[in-house]
Amino acid sequence: MKQVTQTGATVEEALLLALHELNLTRKQVDVEILQEAKKGFLGFGSKKAQIRVTEKQAQKPFAVQEAAEPLQEKAEPVENGQSEVAEPQIGSSLSTIEENLEIQTTSENAEVPFERNDYELAISKVEEYLSDISKQLSISDLHIETVQQGKVIQFNLSTNSAALLIGKRGNTLNALQELAQLVAHQYVKRFIMVKLDVGNYREKRKQSLEVLANKMADKAVYTGKKVELEPMPSNERKIIHHILADRLDVETYSKGEDTKRHLVIEPIRA
Amino acid sequence: MQQLIETIVKPLVDYPNEVKITCDENNHRIVYKLSVHPSDMGKVIGKQGRVAKAVRTIVYSAAGNHRGKKIYIDILD
């Protein structure tokens, strides 16, 4: 029974490579996905897909095999002869490669139970990072509450000098969030999202964005011209898009690149 | 202030021991010059300078209550 472990950028690619190597068709093999491909985040934490391709047992019964083999020989007598000669070498080198891969996979499989642990490590490191920074900002009464939901880790901070951590329109808070995300990613090499909140700021910001969005939409309709908002981070733009999605008299889209990306509200002329 | 920059930057890099900060002060402004291991440059600058911007944002906000001088951060290569 032939078996190959193959890696590739995607599962499909790995499968094609493996089939090529075994000289079999898709129907003649069983495919076991050892690891799905991961795209990662900004190129970090990307993983290649890994599959194990095994020749199907059903092919083994002699009658079937004998019936199949002469056909193959008739079809490609020369090629088949060559491959038979070459096969033992390929087979042995394959098996050594396979062994190496096997070791890798087992070690990778062994990592899975640690998933919880590296989350916990990341959380404690981020908490430490945040409290270190706050100490330097002369905030002594910082209290951190952490909620983890799947890939989202939410840190709720509370202090009396919240204004210092939030900054103008949440600038400081967003900067801290970005850095906290980077710190978390040092310990967890998969996609995770770090969210920071200080004293319910995000909720309050959402409410004031709702007011702003409707006011600006009214202005766009009233003047008949498009209104460009100031640059905002993606989460705030999303809130506005979401609020104005229900209004039929305006249309919203974002313009500009990266830090200059901002939202435009355009009136729809009836 | 130097310590603040260190606390922010050190956990982000691979070589925390090579994070060096020097301070250059005159009447109107204070310039903090940050130098890191060459392979960590990208980490403290980030895509489109995002990390550098975040670091500056935090330091500037802390500088608001700091002797009323304008503060700058330079990343040396």
# chains A, B, ... in the order shown; residues from 1 in each chain; ligands from 1

$ select_by_dssp --residues "stretch 126-261 of chain A" --states "alpha helix (DSSP H)" --output "ChimeraX atom specification"
/A:126-136,162-166,171-187,201-223,234-244

$ residues_around --residues "B:Lys10" --least-positions-apart "6" --cutoff "12 Å" --atoms "only C-alpha atoms" --output "PyMOL selection string"
(chain A and resi 129+132-133+179+182-183) or (chain B and resi 2-4+16-21+34-37+40+43-44+55)

$ write_last_selection --atoms "N, CA and C atoms" --output "PDB file, in the first residue's frame"
ATOM      1  N   TYR A 129       1.712  43.862  29.911  1.00  0.00           N
ATOM      2  CA  TYR A 129       2.132  44.952  29.024  1.00  0.00           C
ATOM      3  C   TYR A 129       1.297  46.201  29.274  1.00  0.00           C
ATOM      4  N   ASP A 132       2.007  47.689  32.683  1.00  0.00           N
ATOM      5  CA  ASP A 132       3.319  48.355  32.681  1.00  0.00           C
ATOM      6  C   ASP A 132       3.216  49.735  32.063  1.00  0.00           C
ATOM      7  N   ILE A 133       2.543  49.801  30.911  1.00  0.00           N
ATOM      8  CA  ILE A 133       2.418  51.091  30.227  1.00  0.00           C
ATOM      9  C   ILE A 133       1.629  52.069  31.092  1.00  0.00           C
ATOM     10  N   LEU A 179      -0.936  47.830  19.573  1.00  0.00           N
ATOM     11  CA  LEU A 179       0.289  47.298  20.175  1.00  0.00           C
ATOM     12  C   LEU A 179      -0.012  46.028  20.975  1.00  0.00           C
ATOM     13  N   LEU A 182      -0.175  43.186  18.733  1.00  0.00           N
ATOM     14  CA  LEU A 182       1.159  42.731  18.333  1.00  0.00           C
ATOM     15  C   LEU A 182       1.786  41.864  19.417  1.00  0.00           C
ATOM     16  N   VAL A 183       1.640  42.301  20.661  1.00  0.00           N
ATOM     17  CA  VAL A 183       2.221  41.537  21.768  1.00  0.00           C
ATOM     18  C   VAL A 183       1.564  40.155  21.830  1.00  0.00           C
TER      19      VAL A 183
ATOM     20  N   GLN B   2      11.696  58.061  29.002  1.00  0.00           N
ATOM     21  CA  GLN B   2      12.518  57.054  28.345  1.00  0.00           C
ATOM     22  C   GLN B   2      12.045  55.648  28.702  1.00  0.00           C
ATOM     23  N   GLN B   3      11.687  55.539  29.984  1.00  0.00           N
ATOM     24  CA  GLN B   3      11.250  54.235  30.468  1.00  0.00           C
ATOM     25  C   GLN B   3       9.942  53.818  29.809  1.00  0.00           C
ATOM     26  N   LEU B   4       9.067  54.798  29.590  1.00  0.00           N
ATOM     27  CA  LEU B   4       7.791  54.510  28.927  1.00  0.00           C
ATOM     28  C   LEU B   4       8.034  53.943  27.534  1.00  0.00           C
ATOM     29  N   PRO B  16      15.277  42.474  22.892  1.00  0.00           N
ATOM     30  CA  PRO B  16      14.944  43.575  23.807  1.00  0.00           C
ATOM     31  C   PRO B  16      16.181  44.241  24.397  1.00  0.00           C
ATOM     32  N   ASN B  17      17.276  43.489  24.484  1.00  0.00           N
ATOM     33  CA  ASN B  17      18.467  44.064  25.104  1.00  0.00           C
ATOM     34  C   ASN B  17      19.146  45.106  24.223  1.00  0.00           C
ATOM     35  N   GLU B  18      18.785  45.103  22.938  1.00  0.00           N
ATOM     36  CA  GLU B  18      19.435  46.058  22.041  1.00  0.00           C
ATOM     37  C   GLU B  18      18.589  47.297  21.801  1.00  0.00           C
ATOM     38  N   VAL B  19      17.535  47.439  22.581  1.00  0.00           N
ATOM     39  CA  VAL B  19      16.730  48.664  22.494  1.00  0.00           C
ATOM     40  C   VAL B  19      17.448  49.757  23.261  1.00  0.00           C
ATOM     41  N   LYS B  20      17.858  50.800  22.536  1.00  0.00           N
ATOM     42  CA  LYS B  20      18.584  51.893  23.193  1.00  0.00           C
ATOM     43  C   LYS B  20      17.858  53.202  22.913  1.00  0.00           C
ATOM     44  N   ILE B  21      17.742  54.007  23.934  1.00  0.00           N
ATOM     45  CA  ILE B  21      17.087  55.291  23.744  1.00  0.00           C
ATOM     46  C   ILE B  21      17.994  56.393  24.262  1.00  0.00           C
ATOM     47  N   LEU B  34      15.507  56.487  19.167  1.00  0.00           N
ATOM     48  CA  LEU B  34      15.326  55.070  19.470  1.00  0.00           C
ATOM     49  C   LEU B  34      16.139  54.250  18.486  1.00  0.00           C
ATOM     50  N   SER B  35      16.980  53.357  19.018  1.00  0.00           N
ATOM     51  CA  SER B  35      17.682  52.468  18.097  1.00  0.00           C
ATOM     52  C   SER B  35      17.445  51.023  18.532  1.00  0.00           C
ATOM     53  N   VAL B  36      17.213  50.169  17.557  1.00  0.00           N
ATOM     54  CA  VAL B  36      16.961  48.760  17.831  1.00  0.00           C
ATOM     55  C   VAL B  36      17.847  47.908  16.947  1.00  0.00           C
ATOM     56  N   HIS B  37      17.853  46.622  17.213  1.00  0.00           N
ATOM     57  CA  HIS B  37      18.592  45.676  16.379  1.00  0.00           C
ATOM     58  C   HIS B  37      18.096  45.794  14.928  1.00  0.00           C
ATOM     59  N   ASP B  40      15.031  44.163  13.821  1.00  0.00           N
ATOM     60  CA  ASP B  40      13.794  44.558  14.501  1.00  0.00           C
ATOM     61  C   ASP B  40      13.205  45.854  13.966  1.00  0.00           C
ATOM     62  N   LYS B  43       9.737  45.772  12.876  1.00  0.00           N
ATOM     63  CA  LYS B  43       8.772  45.538  13.951  1.00  0.00           C
ATOM     64  C   LYS B  43       8.372  46.823  14.657  1.00  0.00           C
ATOM     65  N   VAL B  44       9.320  47.743  14.808  1.00  0.00           N
ATOM     66  CA  VAL B  44       8.962  48.987  15.495  1.00  0.00           C
ATOM     67  C   VAL B  44       8.367  50.014  14.540  1.00  0.00           C
ATOM     68  N   VAL B  55       3.082  54.005  18.651  1.00  0.00           N
ATOM     69  CA  VAL B  55       4.006  54.325  19.738  1.00  0.00           C
ATOM     70  C   VAL B  55       4.013  55.832  19.981  1.00  0.00           C
TER      71      VAL B  55
END

$ interface_residues --of "chain B" --to "chain A" --cutoff "7 Å" --atoms "only C-alpha atoms" --output "short mmCIF file (atom, residue, chain, number, x, y, z; two decimals) with C-alpha atoms, in the first residue's frame"
data_model
loop_
_atom_site.label_atom_id
_atom_site.label_comp_id
_atom_site.auth_asym_id
_atom_site.auth_seq_id
_atom_site.Cartn_x
_atom_site.Cartn_y
_atom_site.Cartn_z
CA LEU B 4 7.79 54.51 28.93
CA THR B 7 8.19 49.49 28.17
CA ILE B 8 6.26 49.96 24.95
CA PRO B 11 7.93 43.41 24.26
CA LEU B 12 7.51 43.99 20.53
CA ALA B 54 0.90 53.94 17.61
CA THR B 57 0.42 58.45 19.82
CA ILE B 58 0.87 56.95 23.25
CA SER B 61 -0.53 61.61 25.01
CA ALA B 62 1.71 60.95 27.99
#

$ closest_residue --among "B:Cys23, B:Ile30, B:Val9, B:Met41" --to "B:Asp77" --atoms "only C-alpha atoms"
B:Met41

$ select_by_dssp --residues "chain B" --states "strand (DSSP E)" --output "PDB file with all heavy atoms, in the first residue's frame"
ATOM      1  N   LYS B  20      17.858  50.800  22.536  1.00  0.00           N
ATOM      2  CA  LYS B  20      18.584  51.893  23.193  1.00  0.00           C
ATOM      3  C   LYS B  20      17.858  53.202  22.913  1.00  0.00           C
ATOM      4  O   LYS B  20      17.432  53.456  21.792  1.00  0.00           O
ATOM      5  CB  LYS B  20      20.014  51.984  22.635  1.00  0.00           C
ATOM      6  CG  LYS B  20      20.844  50.735  22.860  1.00  0.00           C
ATOM      7  CD  LYS B  20      21.762  50.875  24.046  1.00  0.00           C
ATOM      8  CE  LYS B  20      22.102  49.540  24.708  1.00  0.00           C
ATOM      9  NZ  LYS B  20      22.314  48.406  23.827  1.00  0.00           N
ATOM     10  N   ILE B  21      17.742  54.007  23.934  1.00  0.00           N
ATOM     11  CA  ILE B  21      17.087  55.291  23.744  1.00  0.00           C
ATOM     12  C   ILE B  21      17.994  56.393  24.262  1.00  0.00           C
ATOM     13  O   ILE B  21      18.476  56.336  25.393  1.00  0.00           O
ATOM     14  CB  ILE B  21      15.736  55.340  24.474  1.00  0.00           C
ATOM     15  CG1 ILE B  21      14.782  54.324  23.858  1.00  0.00           C
ATOM     16  CG2 ILE B  21      15.114  56.722  24.374  1.00  0.00           C
ATOM     17  CD1 ILE B  21      13.672  53.932  24.763  1.00  0.00           C
ATOM     18  N   THR B  22      18.239  57.379  23.409  1.00  0.00           N
ATOM     19  CA  THR B  22      19.007  58.540  23.864  1.00  0.00           C
ATOM     20  C   THR B  22      18.103  59.762  23.763  1.00  0.00           C
ATOM     21  O   THR B  22      17.164  59.789  22.971  1.00  0.00           O
ATOM     22  CB  THR B  22      20.267  58.756  23.019  1.00  0.00           C
ATOM     23  OG1 THR B  22      19.874  58.806  21.642  1.00  0.00           O
ATOM     24  CG2 THR B  22      21.271  57.649  23.219  1.00  0.00           C
ATOM     25  N   CYS B  23      18.412  60.743  24.576  1.00  0.00           N
ATOM     26  CA  CYS B  23      17.540  61.899  24.679  1.00  0.00           C
ATOM     27  C   CYS B  23      18.306  63.142  24.276  1.00  0.00           C
ATOM     28  O   CYS B  23      19.457  63.321  24.666  1.00  0.00           O
ATOM     29  CB  CYS B  23      17.048  61.992  26.122  1.00  0.00           C
ATOM     30  SG  CYS B  23      16.084  63.439  26.418  1.00  0.00           S
ATOM     31  N   ASP B  24      17.687  63.966  23.471  1.00  0.00           N
ATOM     32  CA  ASP B  24      18.332  65.178  22.993  1.00  0.00           C
ATOM     33  C   ASP B  24      17.377  66.339  23.301  1.00  0.00           C
ATOM     34  O   ASP B  24      16.306  66.438  22.716  1.00  0.00           O
ATOM     35  CB  ASP B  24      18.574  65.017  21.473  1.00  0.00           C
ATOM     36  CG  ASP B  24      19.369  66.178  20.908  1.00  0.00           C
ATOM     37  OD1 ASP B  24      19.727  67.068  21.698  1.00  0.00           O
ATOM     38  OD2 ASP B  24      19.608  66.195  19.688  1.00  0.00           O
ATOM     39  N   GLU B  25      17.764  67.176  24.236  1.00  0.00           N
ATOM     40  CA  GLU B  25      16.822  68.187  24.707  1.00  0.00           C
ATOM     41  C   GLU B  25      17.359  69.591  24.449  1.00  0.00           C
ATOM     42  O   GLU B  25      18.531  69.868  24.656  1.00  0.00           O
ATOM     43  CB  GLU B  25      16.589  67.991  26.214  1.00  0.00           C
ATOM     44  CG  GLU B  25      15.562  68.923  26.779  1.00  0.00           C
ATOM     45  CD  GLU B  25      15.200  68.574  28.214  1.00  0.00           C
ATOM     46  OE1 GLU B  25      15.683  67.539  28.726  1.00  0.00           O
ATOM     47  OE2 GLU B  25      14.419  69.341  28.821  1.00  0.00           O
ATOM     48  N   ARG B  29      12.149  71.659  22.548  1.00  0.00           N
ATOM     49  CA  ARG B  29      11.708  70.299  22.264  1.00  0.00           C
ATOM     50  C   ARG B  29      12.644  69.254  22.847  1.00  0.00           C
ATOM     51  O   ARG B  29      13.804  69.531  23.158  1.00  0.00           O
ATOM     52  CB  ARG B  29      11.611  70.089  20.751  1.00  0.00           C
ATOM     53  CG  ARG B  29      12.929  70.404  20.087  1.00  0.00           C
ATOM     54  CD  ARG B  29      12.846  70.375  18.603  1.00  0.00           C
ATOM     55  NE  ARG B  29      14.217  70.326  18.121  1.00  0.00           N
ATOM     56  CZ  ARG B  29      14.602  69.709  17.021  1.00  0.00           C
ATOM     57  NH1 ARG B  29      13.725  69.084  16.280  1.00  0.00           N
ATOM     58  NH2 ARG B  29      15.859  69.707  16.658  1.00  0.00           N
ATOM     59  N   ILE B  30      12.078  68.056  22.962  1.00  0.00           N
ATOM     60  CA  ILE B  30      12.870  66.922  23.416  1.00  0.00           C
ATOM     61  C   ILE B  30      12.772  65.860  22.323  1.00  0.00           C
ATOM     62  O   ILE B  30      11.676  65.506  21.897  1.00  0.00           O
ATOM     63  CB  ILE B  30      12.313  66.331  24.719  1.00  0.00           C
ATOM     64  CG1 ILE B  30      12.154  67.423  25.776  1.00  0.00           C
ATOM     65  CG2 ILE B  30      13.229  65.236  25.237  1.00  0.00           C
ATOM     66  CD1 ILE B  30      11.404  66.972  26.996  1.00  0.00           C
ATOM     67  N   VAL B  31      13.916  65.408  21.858  1.00  0.00           N
ATOM     68  CA  VAL B  31      13.909  64.363  20.845  1.00  0.00           C
ATOM     69  C   VAL B  31      14.435  63.072  21.453  1.00  0.00           C
ATOM     70  O   VAL B  31      15.540  63.050  22.010  1.00  0.00           O
ATOM     71  CB  VAL B  31      14.781  64.739  19.621  1.00  0.00           C
ATOM     72  CG1 VAL B  31      14.713  63.636  18.577  1.00  0.00           C
ATOM     73  CG2 VAL B  31      14.322  66.055  19.026  1.00  0.00           C
ATOM     74  N   TYR B  32      13.620  62.032  21.401  1.00  0.00           N
ATOM     75  CA  TYR B  32      14.064  60.724  21.865  1.00  0.00           C
ATOM     76  C   TYR B  32      14.486  59.916  20.663  1.00  0.00           C
ATOM     77  O   TYR B  32      13.708  59.732  19.731  1.00  0.00           O
ATOM     78  CB  TYR B  32      12.940  60.011  22.616  1.00  0.00           C
ATOM     79  CG  TYR B  32      12.634  60.677  23.933  1.00  0.00           C
ATOM     80  CD1 TYR B  32      11.541  61.520  24.054  1.00  0.00           C
ATOM     81  CD2 TYR B  32      13.457  60.478  25.030  1.00  0.00           C
ATOM     82  CE1 TYR B  32      11.273  62.151  25.253  1.00  0.00           C
ATOM     83  CE2 TYR B  32      13.197  61.103  26.229  1.00  0.00           C
ATOM     84  CZ  TYR B  32      12.109  61.941  26.339  1.00  0.00           C
ATOM     85  OH  TYR B  32      11.854  62.566  27.527  1.00  0.00           O
ATOM     86  N   LYS B  33      15.731  59.481  20.696  1.00  0.00           N
ATOM     87  CA  LYS B  33      16.221  58.706  19.564  1.00  0.00           C
ATOM     88  C   LYS B  33      16.241  57.234  19.943  1.00  0.00           C
ATOM     89  O   LYS B  33      16.897  56.837  20.896  1.00  0.00           O
ATOM     90  CB  LYS B  33      17.621  59.178  19.169  1.00  0.00           C
ATOM     91  CG  LYS B  33      17.542  60.565  18.575  1.00  0.00           C
ATOM     92  CD  LYS B  33      18.867  61.087  18.136  1.00  0.00           C
ATOM     93  CE  LYS B  33      18.648  62.431  17.433  1.00  0.00           C
ATOM     94  NZ  LYS B  33      19.844  63.250  17.448  1.00  0.00           N
ATOM     95  N   LEU B  34      15.507  56.487  19.167  1.00  0.00           N
ATOM     96  CA  LEU B  34      15.326  55.070  19.470  1.00  0.00           C
ATOM     97  C   LEU B  34      16.139  54.250  18.486  1.00  0.00           C
ATOM     98  O   LEU B  34      16.028  54.430  17.273  1.00  0.00           O
ATOM     99  CB  LEU B  34      13.829  54.730  19.331  1.00  0.00           C
ATOM    100  CG  LEU B  34      13.395  53.279  19.422  1.00  0.00           C
ATOM    101  CD1 LEU B  34      13.644  52.734  20.806  1.00  0.00           C
ATOM    102  CD2 LEU B  34      11.921  53.173  19.071  1.00  0.00           C
ATOM    103  N   SER B  35      16.980  53.357  19.018  1.00  0.00           N
ATOM    104  CA  SER B  35      17.682  52.468  18.097  1.00  0.00           C
ATOM    105  C   SER B  35      17.445  51.023  18.532  1.00  0.00           C
ATOM    106  O   SER B  35      17.436  50.717  19.721  1.00  0.00           O
ATOM    107  CB  SER B  35      19.175  52.796  18.042  1.00  0.00           C
ATOM    108  OG  SER B  35      19.801  52.353  19.214  1.00  0.00           O
ATOM    109  N   LYS B  70       7.524  70.211  23.301  1.00  0.00           N
ATOM    110  CA  LYS B  70       7.138  69.327  22.217  1.00  0.00           C
ATOM    111  C   LYS B  70       8.065  68.119  22.207  1.00  0.00           C
ATOM    112  O   LYS B  70       9.280  68.264  22.362  1.00  0.00           O
ATOM    113  CB  LYS B  70       7.214  70.087  20.898  1.00  0.00           C
ATOM    114  CG  LYS B  70       6.756  69.311  19.694  1.00  0.00           C
ATOM    115  CD  LYS B  70       5.252  69.236  19.593  1.00  0.00           C
ATOM    116  CE  LYS B  70       4.861  68.357  18.411  1.00  0.00           C
ATOM    117  NZ  LYS B  70       3.774  67.452  18.694  1.00  0.00           N
ATOM    118  N   ILE B  71       7.489  66.961  22.022  1.00  0.00           N
ATOM    119  CA  ILE B  71       8.290  65.744  22.064  1.00  0.00           C
ATOM    120  C   ILE B  71       8.319  65.058  20.697  1.00  0.00           C
ATOM    121  O   ILE B  71       7.306  65.025  19.999  1.00  0.00           O
ATOM    122  CB  ILE B  71       7.737  64.784  23.139  1.00  0.00           C
ATOM    123  CG1 ILE B  71       8.097  65.338  24.512  1.00  0.00           C
ATOM    124  CG2 ILE B  71       8.268  63.373  22.967  1.00  0.00           C
ATOM    125  CD1 ILE B  71       7.937  64.378  25.628  1.00  0.00           C
ATOM    126  N   TYR B  72       9.455  64.567  20.311  1.00  0.00           N
ATOM    127  CA  TYR B  72       9.584  63.836  19.057  1.00  0.00           C
ATOM    128  C   TYR B  72      10.223  62.479  19.309  1.00  0.00           C
ATOM    129  O   TYR B  72      11.008  62.336  20.241  1.00  0.00           O
ATOM    130  CB  TYR B  72      10.473  64.598  18.067  1.00  0.00           C
ATOM    131  CG  TYR B  72       9.929  65.935  17.663  1.00  0.00           C
ATOM    132  CD1 TYR B  72      10.202  67.069  18.418  1.00  0.00           C
ATOM    133  CD2 TYR B  72       9.143  66.062  16.522  1.00  0.00           C
ATOM    134  CE1 TYR B  72       9.704  68.309  18.066  1.00  0.00           C
ATOM    135  CE2 TYR B  72       8.636  67.299  16.157  1.00  0.00           C
ATOM    136  CZ  TYR B  72       8.924  68.415  16.924  1.00  0.00           C
ATOM    137  OH  TYR B  72       8.420  69.628  16.567  1.00  0.00           O
ATOM    138  N   ILE B  73       9.896  61.529  18.464  1.00  0.00           N
ATOM    139  CA  ILE B  73      10.601  60.251  18.534  1.00  0.00           C
ATOM    140  C   ILE B  73      11.221  59.975  17.168  1.00  0.00           C
ATOM    141  O   ILE B  73      10.542  60.014  16.152  1.00  0.00           O
ATOM    142  CB  ILE B  73       9.652  59.091  18.883  1.00  0.00           C
ATOM    143  CG1 ILE B  73       9.064  59.296  20.267  1.00  0.00           C
ATOM    144  CG2 ILE B  73      10.408  57.766  18.845  1.00  0.00           C
ATOM    145  CD1 ILE B  73       8.096  58.224  20.655  1.00  0.00           C
ATOM    146  N   ASP B  74      12.515  59.743  17.176  1.00  0.00           N
ATOM    147  CA  ASP B  74      13.200  59.355  15.937  1.00  0.00           C
ATOM    148  C   ASP B  74      13.592  57.897  16.040  1.00  0.00           C
ATOM    149  O   ASP B  74      14.051  57.456  17.087  1.00  0.00           O
ATOM    150  CB  ASP B  74      14.490  60.185  15.762  1.00  0.00           C
ATOM    151  CG  ASP B  74      14.204  61.503  15.090  1.00  0.00           C
ATOM    152  OD1 ASP B  74      13.026  61.710  14.725  1.00  0.00           O
ATOM    153  OD2 ASP B  74      15.133  62.312  14.946  1.00  0.00           O
ATOM    154  N   ILE B  75      13.394  57.184  14.962  1.00  0.00           N
ATOM    155  CA  ILE B  75      13.882  55.808  14.936  1.00  0.00           C
ATOM    156  C   ILE B  75      15.144  55.794  14.073  1.00  0.00           C
ATOM    157  O   ILE B  75      15.096  56.151  12.894  1.00  0.00           O
ATOM    158  CB  ILE B  75      12.820  54.843  14.388  1.00  0.00           C
ATOM    159  CG1 ILE B  75      11.603  54.863  15.312  1.00  0.00           C
ATOM    160  CG2 ILE B  75      13.382  53.434  14.295  1.00  0.00           C
ATOM    161  CD1 ILE B  75      10.395  54.158  14.761  1.00  0.00           C
ATOM    162  N   LEU B  76      16.258  55.447  14.681  1.00  0.00           N
ATOM    163  CA  LEU B  76      17.534  55.492  13.961  1.00  0.00           C
ATOM    164  C   LEU B  76      17.797  54.173  13.255  1.00  0.00           C
ATOM    165  O   LEU B  76      17.473  53.117  13.783  1.00  0.00           O
ATOM    166  CB  LEU B  76      18.683  55.770  14.947  1.00  0.00           C
ATOM    167  CG  LEU B  76      18.555  57.014  15.825  1.00  0.00           C
ATOM    168  CD1 LEU B  76      19.730  57.086  16.778  1.00  0.00           C
ATOM    169  CD2 LEU B  76      18.480  58.267  14.980  1.00  0.00           C
TER     170      LEU B  76
END

$ closest_residue --among "B:Tyr15, B:Glu6, B:Lys69, B:Gln48" --to "B:Asn27" --atoms "only C-alpha atoms"
B:Lys69

$ atom_distance --atom1 "atom CA of A:Gln148" --atom2 "atom CA of A:Glu120"
9.7 Å

$ residues_around --residues "A:Ile265" --least-positions-apart "3" --cutoff "12 Å" --atoms "only C-alpha atoms" --output "ChimeraX atom specification"
/A:212-221,223-230,237,240-241,243-245,247-255,262,268
